[in-house]
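Some notes on the structure that comes next.
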Amino acid sequence: MTPRDLTFVLGGARSGKSVHAERLATGSALPVTYIATARVADDAEFSARIAHHRERRPAHWQLVEAGGDLAGAVTQSDAPGHCILIDCLTLWLAGLLCPPEGDALPIDRYHAQVAALETALVNAKGKLIVVSNEIGLGVVPLGAATRLYVDELGRLNQRIAALSTQATMMVAGLPLALKTASRA
């Protein structure tokens with residue numbers, strides 16, 4: 001059995017986490033599949049962010065737009081000798097709990113999606129790089145929906161960190177090792 005190779009990259013907005021993850025994927029010298037979790041919206045500023053990410057990615061990387069079924073996207077893209085970069089859990093969770101259409105998944109279906117993702121990551125045979133925001137460093141937010149989102153992202157990040165063989169926190173473009181392969 002091949003040991004899991006899962007690198008978890010966390011950080012705040014504009015911390016350099018996506019750029020760092022992209023460098024790790026490039027440095028792997030493996031074929032890369034980039035799994036995007038953002039849903040294109042009518043928001044011009046957010047569309048510009050997505051375009052910036054697209055322009056930065058190498059053209060030869062495969063792109064999969066996951067939508068809500070991130071576990072399925074991982075399973076379909078996984079292969080030995082292949083690298084999957086998931087960017088990012090934060091937007092995937094937002095799409096499940098706060099979709100633009102306004103109909104959030106019931107919490108039990110959301111938990112099933114998280115469990116399916118966890119299973120896909122555990123069973124993966126290739127290299128995995130997973131990006132997420134760390135948003136739990138501030139005050140407790142006002143509003144039940146925002147608190148639910150922050151709490152669920154914190155729980156999701158903890159689950160992925162526990163599965164990871166390496167974890168890095170990005171601060172001001174600098175990678176801080178939280179968990180190394182030797183300490184996994």
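Just remember, in the structure tokens the first chain shown is A, the second B, etc., residues are 1-based per chain, and ligands are 1-based in the order shown.
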
Using the chain letters and numbers from this document, which residues of chain A does DSSP assign to helix (DSSP H, G or I), as a PyMOL selection string? chain A and resi 17-27+44-56+70-77+89-97+107-123+144-163+181-183

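For stretch 13-144 of chain A, a DSSP pass over the backbone yields strand (DSSP E) at Val32, Thr33, Tyr34, Ile35, Ala36, Gln62, Leu63, Val64, Glu65, Cys83, Ile84, Leu85, Ile86, Asp87, Lys127, Leu128, Ile129, Val130, Val131, Ser132 and Asn133 of chain A.
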
Across A:Gln113, A:Ser18, A:Thr119, A:Gln76, the smallest distance to A:Leu96, with only C-alpha atoms counted, is shown by A:Gln113

Counting only C-alpha atoms, what is within 12 Å of A:Ala115, bar same-chain residues fewer than 3 positions away, as a list in words?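 The contact residues come out as Asp69, Leu70, Ala71, Gly72, Asp108, Arg109, Tyr110, His111, Ala112, Glu118, Thr119, Ala120, Leu121, Val122, Arg155, Leu156, Arg159 and Ile160 of chain A.
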
Next, the residues of the selection above should be written as a JSON list (two decimals), in the first residue's frame with N, CA and C atoms.
```json
[["chain", "number", "residue", "atom", "x", "y", "z"],
["A", 69, "ASP", "N", -19.97, 18.29, -6.00],
["A", 69, "ASP", "CA", -19.46, 16.92, -5.84],
["A", 69, "ASP", "C", -17.94, 16.90, -5.89],
["A", 70, "LEU", "N", -17.32, 17.43, -4.86],
["A", 70, "LEU", "CA", -15.86, 17.47, -4.80],
["A", 70, "LEU", "C", -15.29, 16.06, -4.66],
["A", 71, "ALA", "N", -15.93, 15.22, -3.88],
["A", 71, "ALA", "CA", -15.46, 13.84, -3.72],
["A", 71, "ALA", "C", -15.44, 13.11, -5.06],
["A", 72, "GLY", "N", -16.47, 13.28, -5.85],
["A", 72, "GLY", "CA", -16.52, 12.66, -7.18],
["A", 72, "GLY", "C", -15.43, 13.18, -8.09],
["A", 108, "ASP", "N", -27.45, 17.47, 7.30],
["A", 108, "ASP", "CA", -27.09, 16.05, 7.20],
["A", 108, "ASP", "C", -26.53, 15.73, 5.81],
["A", 109, "ARG", "N", -27.06, 16.34, 4.76],
["A", 109, "ARG", "CA", -26.51, 16.12, 3.41],
["A", 109, "ARG", "C", -25.14, 16.78, 3.26],
["A", 110, "TYR", "N", -24.95, 17.92, 3.90],
["A", 110, "TYR", "CA", -23.63, 18.55, 3.91],
["A", 110, "TYR", "C", -22.62, 17.62, 4.59],
["A", 111, "HIS", "N", -22.99, 17.09, 5.75],
["A", 111, "HIS", "CA", -22.07, 16.18, 6.45],
["A", 111, "HIS", "C", -21.77, 14.95, 5.61],
["A", 112, "ALA", "N", -22.72, 14.47, 4.84],
["A", 112, "ALA", "CA", -22.48, 13.34, 3.93],
["A", 112, "ALA", "C", -21.48, 13.73, 2.85],
["A", 118, "GLU", "N", -13.77, 13.10, 2.53],
["A", 118, "GLU", "CA", -12.76, 12.48, 3.39],
["A", 118, "GLU", "C", -12.40, 11.08, 2.88],
["A", 119, "THR", "N", -13.39, 10.31, 2.50],
["A", 119, "THR", "CA", -13.17, 8.96, 1.96],
["A", 119, "THR", "C", -12.36, 9.03, 0.66],
["A", 120, "ALA", "N", -12.70, 9.96, -0.22],
["A", 120, "ALA", "CA", -11.97, 10.11, -1.48],
["A", 120, "ALA", "C", -10.51, 10.46, -1.23],
["A", 121, "LEU", "N", -10.25, 11.32, -0.26],
["A", 121, "LEU", "CA", -8.88, 11.71, 0.05],
["A", 121, "LEU", "C", -8.10, 10.55, 0.66],
["A", 122, "VAL", "N", -8.74, 9.82, 1.55],
["A", 122, "VAL", "CA", -8.09, 8.66, 2.19],
["A", 122, "VAL", "C", -7.73, 7.60, 1.16],
["A", 155, "ARG", "N", -14.20, 22.96, 11.45],
["A", 155, "ARG", "CA", -14.28, 21.50, 11.60],
["A", 155, "ARG", "C", -13.73, 20.79, 10.36],
["A", 156, "LEU", "N", -14.08, 21.28, 9.17],
["A", 156, "LEU", "CA", -13.59, 20.69, 7.93],
["A", 156, "LEU", "C", -12.07, 20.80, 7.87],
["A", 159, "ARG", "N", -10.45, 18.22, 10.04],
["A", 159, "ARG", "CA", -10.52, 16.87, 9.48],
["A", 159, "ARG", "C", -9.46, 16.68, 8.40],
["A", 160, "ILE", "N", -9.30, 17.66, 7.53],
["A", 160, "ILE", "CA", -8.32, 17.54, 6.46],
["A", 160, "ILE", "C", -6.91, 17.60, 7.03]]
```

Tell me, counting only C-alpha atoms, for each residue of stretch 88-149 of chain A within 9 Å of stretch 30-36 of chain A, which pair of atoms is nearest and how far apart they are in Å to one decimal, in rows ordered by chain and increasing number, as JSON lines.
```
{"residue": "A:Cys88", "atom": "CA", "partner": "A:Ala36", "partner_atom": "CA", "distance": 6.9}
{"residue": "A:Trp92", "atom": "CA", "partner": "A:Ala36", "partner_atom": "CA", "distance": 8.7}
{"residue": "A:Lys127", "atom": "CA", "partner": "A:Leu30", "partner_atom": "CA", "distance": 8.6}
```

Do a neighbour search on A:Asp87 at 12 Å with only C-alpha atoms, toss out local chain neighbours closer than 5 positions, and write the hits as an MDAnalysis selection string. chainID A and resid 8:10 17:22 25 33:39 50 53:54 57 63:67 70 74 92:93 128:133

Keeping N, CA and C atoms for every residue in the selection just given, could you write it to a file as a CSV table (one decimal), in the first residue's frame?
```
chain,number,residue,atom,x,y,z
A,8,PHE,N,-1.7,20.0,3.0
A,8,PHE,CA,-2.8,20.9,3.3
A,8,PHE,C,-2.2,22.3,3.4
A,9,VAL,N,-2.7,23.3,2.6
A,9,VAL,CA,-2.2,24.6,2.6
A,9,VAL,C,-3.3,25.5,3.1
A,10,LEU,N,-3.0,26.2,4.3
A,10,LEU,CA,-4.0,27.1,4.9
A,10,LEU,C,-3.5,28.5,4.9
A,17,LYS,N,-1.5,31.5,-0.4
A,17,LYS,CA,-1.7,30.0,-0.3
A,17,LYS,C,-1.9,29.4,-1.7
A,18,SER,N,-2.6,30.0,-2.6
A,18,SER,CA,-2.8,29.4,-3.9
A,18,SER,C,-1.5,29.4,-4.7
A,19,VAL,N,-0.8,30.4,-4.6
A,19,VAL,CA,0.5,30.5,-5.3
A,19,VAL,C,1.5,29.4,-4.8
A,20,HIS,N,1.5,29.3,-3.5
A,20,HIS,CA,2.4,28.2,-2.9
A,20,HIS,C,1.9,26.9,-3.3
A,21,ALA,N,0.6,26.6,-3.3
A,21,ALA,CA,0.1,25.3,-3.7
A,21,ALA,C,0.4,25.0,-5.2
A,22,GLU,N,0.3,26.0,-6.0
A,22,GLU,CA,0.7,25.9,-7.4
A,22,GLU,C,2.1,25.6,-7.6
A,25,ALA,N,2.6,21.9,-6.7
A,25,ALA,CA,2.2,21.1,-7.8
A,25,ALA,C,3.2,21.0,-8.9
A,33,THR,N,-3.9,17.9,-12.2
A,33,THR,CA,-5.3,18.2,-12.4
A,33,THR,C,-5.6,19.2,-11.3
A,34,TYR,N,-6.1,20.4,-11.7
A,34,TYR,CA,-6.5,21.5,-10.9
A,34,TYR,C,-8.0,21.4,-10.7
A,35,ILE,N,-8.5,21.1,-9.5
A,35,ILE,CA,-9.9,21.0,-9.2
A,35,ILE,C,-10.3,22.4,-8.6
A,36,ALA,N,-11.1,23.1,-9.4
A,36,ALA,CA,-11.6,24.4,-9.0
A,36,ALA,C,-13.0,24.2,-8.3
A,37,THR,N,-13.2,25.0,-7.2
A,37,THR,CA,-14.4,24.8,-6.5
A,37,THR,C,-15.3,26.1,-6.6
A,38,ALA,N,-14.8,27.2,-7.1
A,38,ALA,CA,-15.5,28.4,-7.2
A,38,ALA,C,-16.6,28.3,-8.2
A,39,ARG,N,-17.7,28.8,-7.9
A,39,ARG,CA,-18.8,28.9,-8.9
A,39,ARG,C,-18.8,30.3,-9.5
A,50,ILE,N,-11.2,34.9,-10.3
A,50,ILE,CA,-11.2,33.6,-11.0
A,50,ILE,C,-10.3,33.7,-12.2
A,53,HIS,N,-6.6,33.6,-11.3
A,53,HIS,CA,-6.1,32.2,-11.1
A,53,HIS,C,-6.0,31.4,-12.4
A,54,ARG,N,-6.9,31.6,-13.3
A,54,ARG,CA,-6.8,30.9,-14.6
A,54,ARG,C,-5.5,31.3,-15.3
A,57,ARG,N,-2.2,29.7,-14.0
A,57,ARG,CA,-2.0,28.2,-14.1
A,57,ARG,C,-1.4,27.9,-15.4
A,63,LEU,N,-8.1,20.9,-16.0
A,63,LEU,CA,-9.0,21.6,-15.1
A,63,LEU,C,-10.3,20.8,-15.0
A,64,VAL,N,-10.7,20.7,-13.7
A,64,VAL,CA,-12.0,20.1,-13.4
A,64,VAL,C,-12.7,21.1,-12.5
A,65,GLU,N,-14.0,21.5,-12.9
A,65,GLU,CA,-14.8,22.4,-12.1
A,65,GLU,C,-15.7,21.5,-11.3
A,66,ALA,N,-15.5,21.4,-10.0
A,66,ALA,CA,-16.1,20.4,-9.1
A,66,ALA,C,-17.6,20.6,-8.9
A,67,GLY,N,-18.0,21.8,-8.7
A,67,GLY,CA,-19.4,22.0,-8.3
A,67,GLY,C,-19.5,21.5,-6.8
A,70,LEU,N,-17.3,17.4,-4.9
A,70,LEU,CA,-15.9,17.5,-4.8
A,70,LEU,C,-15.3,16.1,-4.7
A,74,VAL,N,-12.5,14.3,-7.2
A,74,VAL,CA,-11.2,13.8,-6.7
A,74,VAL,C,-11.1,12.3,-7.2
A,92,TRP,N,-15.8,25.8,-1.8
A,92,TRP,CA,-16.7,24.6,-1.9
A,92,TRP,C,-17.7,24.6,-0.8
A,93,LEU,N,-17.3,24.9,0.4
A,93,LEU,CA,-18.2,24.9,1.6
A,93,LEU,C,-19.2,26.0,1.4
A,128,LEU,N,-1.9,14.7,-3.4
A,128,LEU,CA,-3.0,15.7,-3.2
A,128,LEU,C,-2.4,16.9,-2.6
A,129,ILE,N,-2.9,18.1,-3.0
A,129,ILE,CA,-2.6,19.4,-2.4
A,129,ILE,C,-4.0,20.0,-2.3
A,130,VAL,N,-4.3,20.3,-1.0
A,130,VAL,CA,-5.6,20.9,-0.7
A,130,VAL,C,-5.5,22.3,-0.1
A,131,VAL,N,-6.1,23.3,-0.6
A,131,VAL,CA,-6.1,24.7,-0.2
A,131,VAL,C,-7.3,25.0,0.6
A,132,SER,N,-7.2,25.8,1.7
A,132,SER,CA,-8.3,26.3,2.4
A,132,SER,C,-8.0,27.6,3.1
A,133,ASN,N,-8.9,28.4,3.5
A,133,ASN,CA,-8.7,29.6,4.2
A,133,ASN,C,-8.8,29.2,5.7
```
